[in-house]
>>> print(open('run-v7.cif').read())   # mmCIF, C-alpha atoms
data_input
loop_
_atom_site.group_PDB
_atom_site.id
_atom_site.type_symbol
_atom_site.label_atom_id
_atom_site.label_comp_id
_atom_site.auth_asym_id
_atom_site.auth_seq_id
_atom_site.Cartn_x
_atom_site.Cartn_y
_atom_site.Cartn_z
ATOM 1 C CA MET D 1 -8.223 29.279 -6.405
ATOM 2 C CA ILE D 2 -9.668 27.101 -3.639
ATOM 3 C CA LYS D 3 -12.150 29.113 -1.629
ATOM 4 C CA ILE D 4 -13.396 26.511 0.874
ATOM 5 C CA SER D 5 -11.206 25.431 3.755
ATOM 6 C CA ILE D 6 -12.545 22.679 5.994
ATOM 7 C CA LEU D 7 -11.342 22.168 9.541
ATOM 8 C CA THR D 8 -12.174 18.612 10.444
ATOM 9 C CA GLY D 9 -11.699 16.245 13.341
ATOM 10 C CA LYS D 10 -13.556 14.044 15.754
ATOM 11 C CA ILE D 11 -16.206 15.328 18.171
ATOM 12 C CA LYS D 12 -14.766 17.211 21.162
ATOM 13 C CA THR D 13 -11.181 17.382 19.864
ATOM 14 C CA GLY D 14 -10.840 21.159 20.146
ATOM 15 C CA LYS D 15 -11.818 22.243 16.622
ATOM 16 C CA THR D 16 -13.687 25.351 17.794
ATOM 17 C CA THR D 17 -11.066 26.260 20.385
ATOM 18 C CA ARG D 18 -8.221 26.036 17.845
ATOM 19 C CA LEU D 19 -10.231 28.003 15.309
ATOM 20 C CA MET D 20 -11.038 30.754 17.798
ATOM 21 C CA LEU D 21 -7.329 31.104 18.664
ATOM 22 C CA TRP D 22 -6.430 31.303 14.967
ATOM 23 C CA ALA D 23 -9.234 33.778 14.221
ATOM 24 C CA ALA D 24 -8.083 36.121 16.989
ATOM 25 C CA GLN D 25 -4.929 36.730 14.931
ATOM 26 C CA GLN D 26 -6.779 37.488 11.665
ATOM 27 C CA LYS D 27 -8.131 40.706 10.157
ATOM 28 C CA ASN D 28 -11.349 41.226 8.189
ATOM 29 C CA ILE D 29 -12.992 38.107 9.527
ATOM 30 C CA ASP D 30 -16.638 37.425 10.364
ATOM 31 C CA GLY D 31 -19.076 34.576 10.736
ATOM 32 C CA ILE D 32 -20.011 32.325 13.618
ATOM 33 C CA PHE D 33 -18.485 30.018 16.198
ATOM 34 C CA GLN D 34 -20.443 27.442 18.196
ATOM 35 C CA PRO D 35 -18.562 27.245 21.481
ATOM 36 C CA VAL D 36 -19.644 25.023 24.343
ATOM 37 C CA ILE D 37 -19.678 27.007 27.585
ATOM 38 C CA ASP D 38 -20.485 25.266 30.866
ATOM 39 C CA GLY D 39 -21.783 22.279 28.916
ATOM 40 C CA LYS D 40 -24.191 24.284 26.699
ATOM 41 C CA ARG D 41 -23.782 25.221 23.040
ATOM 42 C CA PHE D 42 -23.882 28.884 22.028
ATOM 43 C CA ILE D 43 -23.587 30.878 18.808
ATOM 44 C CA TYR D 44 -20.947 33.600 18.819
ATOM 45 C CA ASN D 45 -21.074 36.376 16.205
ATOM 46 C CA ILE D 46 -17.432 37.087 15.357
ATOM 47 C CA GLY D 47 -18.099 40.543 13.906
ATOM 48 C CA SER D 48 -20.181 41.985 16.741
ATOM 49 C CA ARG D 49 -18.685 39.796 19.490
ATOM 50 C CA THR D 50 -22.124 38.836 20.725
ATOM 51 C CA LEU D 51 -23.208 35.506 22.141
ATOM 52 C CA LYS D 52 -26.611 33.806 22.159
ATOM 53 C CA SER D 53 -27.613 30.503 23.666
ATOM 54 C CA LEU D 54 -28.363 27.853 21.059
ATOM 55 C CA GLU D 55 -29.366 25.065 23.432
ATOM 56 C CA THR D 56 -32.699 25.670 25.098
ATOM 57 C CA SER D 57 -35.057 24.093 27.590
ATOM 58 C CA GLU D 58 -38.008 25.619 25.714
ATOM 59 C CA THR D 59 -40.453 23.286 23.987
ATOM 60 C CA ASN D 60 -41.744 25.667 21.296
ATOM 61 C CA ASN D 61 -39.927 26.900 18.187
ATOM 62 C CA ILE D 62 -37.104 24.411 18.557
ATOM 63 C CA THR D 63 -35.171 21.909 16.481
ATOM 64 C CA SER D 64 -34.267 18.685 18.262
ATOM 65 C CA ILE D 65 -31.528 16.201 17.529
ATOM 66 C CA GLY D 66 -30.787 13.417 19.953
ATOM 67 C CA LYS D 67 -31.026 14.759 23.503
ATOM 68 C CA TYR D 68 -30.470 18.363 22.381
ATOM 69 C CA ASN D 69 -33.068 21.090 21.812
ATOM 70 C CA PHE D 70 -31.908 24.107 19.835
ATOM 71 C CA SER D 71 -33.565 27.505 19.525
ATOM 72 C CA ASN D 72 -34.864 28.229 16.037
ATOM 73 C CA ASP D 73 -34.635 31.961 16.857
ATOM 74 C CA THR D 74 -30.905 31.604 17.496
ATOM 75 C CA PHE D 75 -30.495 29.609 14.284
ATOM 76 C CA ALA D 76 -32.314 32.403 12.403
ATOM 77 C CA TRP D 77 -29.966 34.973 13.987
ATOM 78 C CA ALA D 78 -26.937 32.914 12.929
ATOM 79 C CA GLN D 79 -28.299 32.560 9.382
ATOM 80 C CA GLN D 80 -28.687 36.336 9.155
ATOM 81 C CA ILE D 81 -25.068 36.793 10.292
ATOM 82 C CA LEU D 82 -23.883 34.464 7.513
ATOM 83 C CA ASN D 83 -26.077 36.164 4.907
ATOM 84 C CA ASP D 84 -24.767 39.586 5.986
ATOM 85 C CA CYS D 85 -21.180 38.378 5.506
ATOM 86 C CA LEU D 86 -21.788 38.269 1.754
ATOM 87 C CA CYS D 87 -22.185 42.070 1.719
ATOM 88 C CA LYS D 88 -18.936 42.769 3.573
ATOM 89 C CA ASP D 89 -15.359 43.090 2.337
ATOM 90 C CA LEU D 90 -13.888 40.175 4.297
ATOM 91 C CA ASN D 91 -10.812 37.980 4.076
ATOM 92 C CA TRP D 92 -12.513 35.054 5.841
ATOM 93 C CA ILE D 93 -16.039 33.897 6.603
ATOM 94 C CA ILE D 94 -16.169 31.307 9.389
ATOM 95 C CA VAL D 95 -18.942 28.701 9.662
ATOM 96 C CA ASP D 96 -18.622 26.641 12.835
ATOM 97 C CA GLU D 97 -20.105 24.009 12.694
ATOM 98 C CA ILE D 98 -21.902 22.272 9.852
ATOM 99 C CA GLY D 99 -23.386 19.013 11.072
ATOM 100 C CA PRO D 100 -26.196 16.505 10.614
ATOM 101 C CA LEU D 101 -28.903 19.164 10.971
ATOM 102 C CA GLU D 102 -27.548 21.137 8.008
ATOM 103 C CA LEU D 103 -27.216 17.973 5.911
ATOM 104 C CA ASN D 104 -30.953 17.501 6.571
ATOM 105 C CA ASN D 105 -31.717 21.112 5.553
ATOM 106 C CA LYS D 106 -32.250 22.318 9.130
ATOM 107 C CA GLY D 107 -30.196 24.349 11.595
ATOM 108 C CA LEU D 108 -28.094 26.857 9.648
ATOM 109 C CA GLU D 109 -29.876 26.068 6.389
ATOM 110 C CA PRO D 110 -30.643 27.636 3.936
ATOM 111 C CA ALA D 111 -27.868 30.145 4.751
ATOM 112 C CA ILE D 112 -25.079 27.579 4.235
ATOM 113 C CA THR D 113 -26.327 26.619 0.778
ATOM 114 C CA TYR D 114 -26.676 30.288 -0.183
ATOM 115 C CA LEU D 115 -23.204 31.191 1.106
ATOM 116 C CA LEU D 116 -21.492 28.268 -0.622
ATOM 117 C CA SER D 117 -23.382 28.869 -3.876
ATOM 118 C CA ARG D 118 -22.086 32.469 -3.951
ATOM 119 C CA ARG D 119 -18.433 31.613 -3.168
ATOM 120 C CA LYS D 120 -17.193 32.455 -6.658
ATOM 121 C CA GLU D 121 -18.779 35.927 -6.470
ATOM 122 C CA ILE D 122 -17.005 37.040 -3.292
ATOM 123 C CA ASP D 123 -13.365 37.657 -2.438
ATOM 124 C CA ALA D 124 -13.508 36.070 1.017
ATOM 125 C CA LYS D 125 -12.357 32.539 1.718
ATOM 126 C CA ILE D 126 -14.858 30.394 3.584
ATOM 127 C CA LEU D 127 -13.716 28.200 6.464
ATOM 128 C CA CYS D 128 -16.149 25.517 7.570
ATOM 129 C CA VAL D 129 -15.902 23.223 10.574
ATOM 130 C CA VAL D 130 -17.141 19.703 9.839
ATOM 131 C CA ARG D 131 -16.624 16.621 11.996
ATOM 132 C CA ASP D 132 -14.674 13.900 10.228
ATOM 133 C CA SER D 133 -17.490 11.338 10.419
ATOM 134 C CA ILE D 134 -19.667 13.368 8.021
ATOM 135 C CA LEU D 135 -16.971 15.018 5.884
ATOM 136 C CA GLU D 136 -17.692 12.973 2.744
ATOM 137 C CA LYS D 137 -21.455 13.565 3.069
ATOM 138 C CA PHE D 138 -20.794 17.306 3.521
ATOM 139 C CA ILE D 139 -18.644 17.494 0.366
ATOM 140 C CA GLU D 140 -21.230 15.570 -1.655
ATOM 141 C CA HIS D 141 -24.242 17.427 -0.227
ATOM 142 C CA TYR D 142 -22.817 20.848 -1.127
ATOM 143 C CA GLY D 143 -21.168 19.811 -4.419
ATOM 144 C CA LEU D 144 -17.636 20.784 -3.370
ATOM 145 C CA GLN D 145 -15.800 17.885 -5.037
ATOM 146 C CA ASN D 146 -12.893 19.945 -6.454
ATOM 147 C CA ASP D 147 -13.170 23.198 -4.533
ATOM 148 C CA TYR D 148 -11.913 22.547 -1.012
ATOM 149 C CA GLU D 149 -8.920 21.803 1.159
ATOM 150 C CA THR D 150 -9.010 20.102 4.555
ATOM 151 C CA PHE D 151 -7.121 20.650 7.771
ATOM 152 C CA ASN D 152 -7.331 18.253 10.688
ATOM 153 C CA ALA D 153 -7.848 19.698 14.158
ATOM 154 C CA LEU D 154 -5.142 17.354 15.396
ATOM 155 C CA ASP D 155 -2.524 18.177 12.746
ATOM 156 C CA GLN D 156 -0.299 19.869 15.304
ATOM 157 C CA GLU D 157 -0.718 17.335 18.091
ATOM 158 C CA GLN D 158 0.934 13.975 18.557
ATOM 159 C CA ASP D 159 -1.124 10.885 19.307
#
>>> encode(input="run-v7.cif", output="structure tokens")
Amino acid sequence: MIKISILTGKIKTGKTTRLMLWAAQQKNIDGIFQPVIDGKRFIYNIGSRTLKSLETSETNNITSIGKYNFSNDTFAWAQQILNDCLCKDLNWIIVDEIGPLELNNKGLEPAITYLLSRRKEIDAKILCVVRDSILEKFIEHYGLQNDYETFNALDQEQD
């Protein structure tokens, strides 16, 4: 049985928004979303319905990529949420979004590697959000060659 579902699409095509709408209709679901609110990225804990700012203007204890500075404390909080999901009886674990930081062992790492390595030991399906431009690198990096299915964020829209 395929345990990894990947929602993919281009940057800023509504992947998180669509996923949040879908998740609102599900039961026994946990994990994280990374919504952009008023132009800033946040981490949202699905289980506790709590929100923490990921983007920061701080200069200490941060991870930077491009023009963005992210709080390492918020990343650590998100990693703990994902690790805690492994101990719960869930139908779905959501990981929004795996990007270049994770492929360079930063950001949500090592929690992503740990979660994906334990996928055969848990009953929950794992749904990851990955932009289409790094999808192949994501699959190779995490060794998912024959254990995933993809869904495009635009599948239900017309061009």
>>> resolve_selection(input="run-v7.cif", expression="the PyMOL selection byres ((chain D and resi 141) around 12)", output="PyMOL selection string")
chain D and resi 98-100+102-105+112-113+116+134-140+142-145
>>> residues_around(input="run-v7.cif", residues="range 107-109 of chain D", least_positions_apart="3", cutoff="12 Å", atoms="only C-alpha atoms", output="PyMOL selection string")
chain D and resi 31-32+34+43+54-55+62-65+69-83+95-104+112-116+142
>>> residues_near_point(input="run-v7.cif", point="(-16.7, 26.7, 7.9)", cutoff="8 Å", atoms="all atoms listed in the file", output="ChimeraX atom specification")
/D:4-7,93-98,126-130
>>> closest_residue(input="run-v7.cif", among="D:Asn91, D:Ser57, D:Thr150, D:Asn28", to="Ala124 in chain D", atoms="all atoms listed in the file")
D:Asn91
>>> closest_residue(input="run-v7.cif", among="D:Asp84, D:Asp123, D:Asp147, D:Asp132", to="Asp30 in chain D", atoms="only C-alpha atoms")
D:Asp84
>>> atom_distance(input="run-v7.cif", atom1="CA of Glu121 in chain D", atom2="CA of Tyr148 in chain D")
16.0 Å
>>> atom_distance(input="run-v7.cif", atom1="CA of Phe33 in chain D", atom2="CA of Ile46 in chain D")
7.2 Å
>>> axis_aligned_box(input="run-v7.cif", around="range 102-112 of chain D", padding_each_side="6 Å", output="AutoDock Vina command-line options")
--center_x -28.7 --center_y 23.8 --center_z 7.8 --size_x 19.2 --size_y 24.6 --size_z 19.7
>>> atom_distance(input="run-v7.cif", atom1="CA of Arg118 in chain D", atom2="CA of Asp89 in chain D")
14.1 Å
>>> residues_around(input="run-v7.cif", residues="Arg131 in chain D", least_positions_apart="3", cutoff="6 Å", atoms="all atoms listed in the file", output="ChimeraX atom specification")
/D:8-10,134
>>> residues_around(input="run-v7.cif", residues="Gln26 in chain D", least_positions_apart="3", cutoff="9 Å", atoms="all atoms listed in the file", output="number ranges by chain")
D: 22-23, 29, 91-92
>>> closest_residue(input="run-v7.cif", among="D:Phe151, D:Lys67, D:Ile122, D:Asn45", to="Cys87 in chain D", atoms="only C-alpha atoms")
D:Ile122
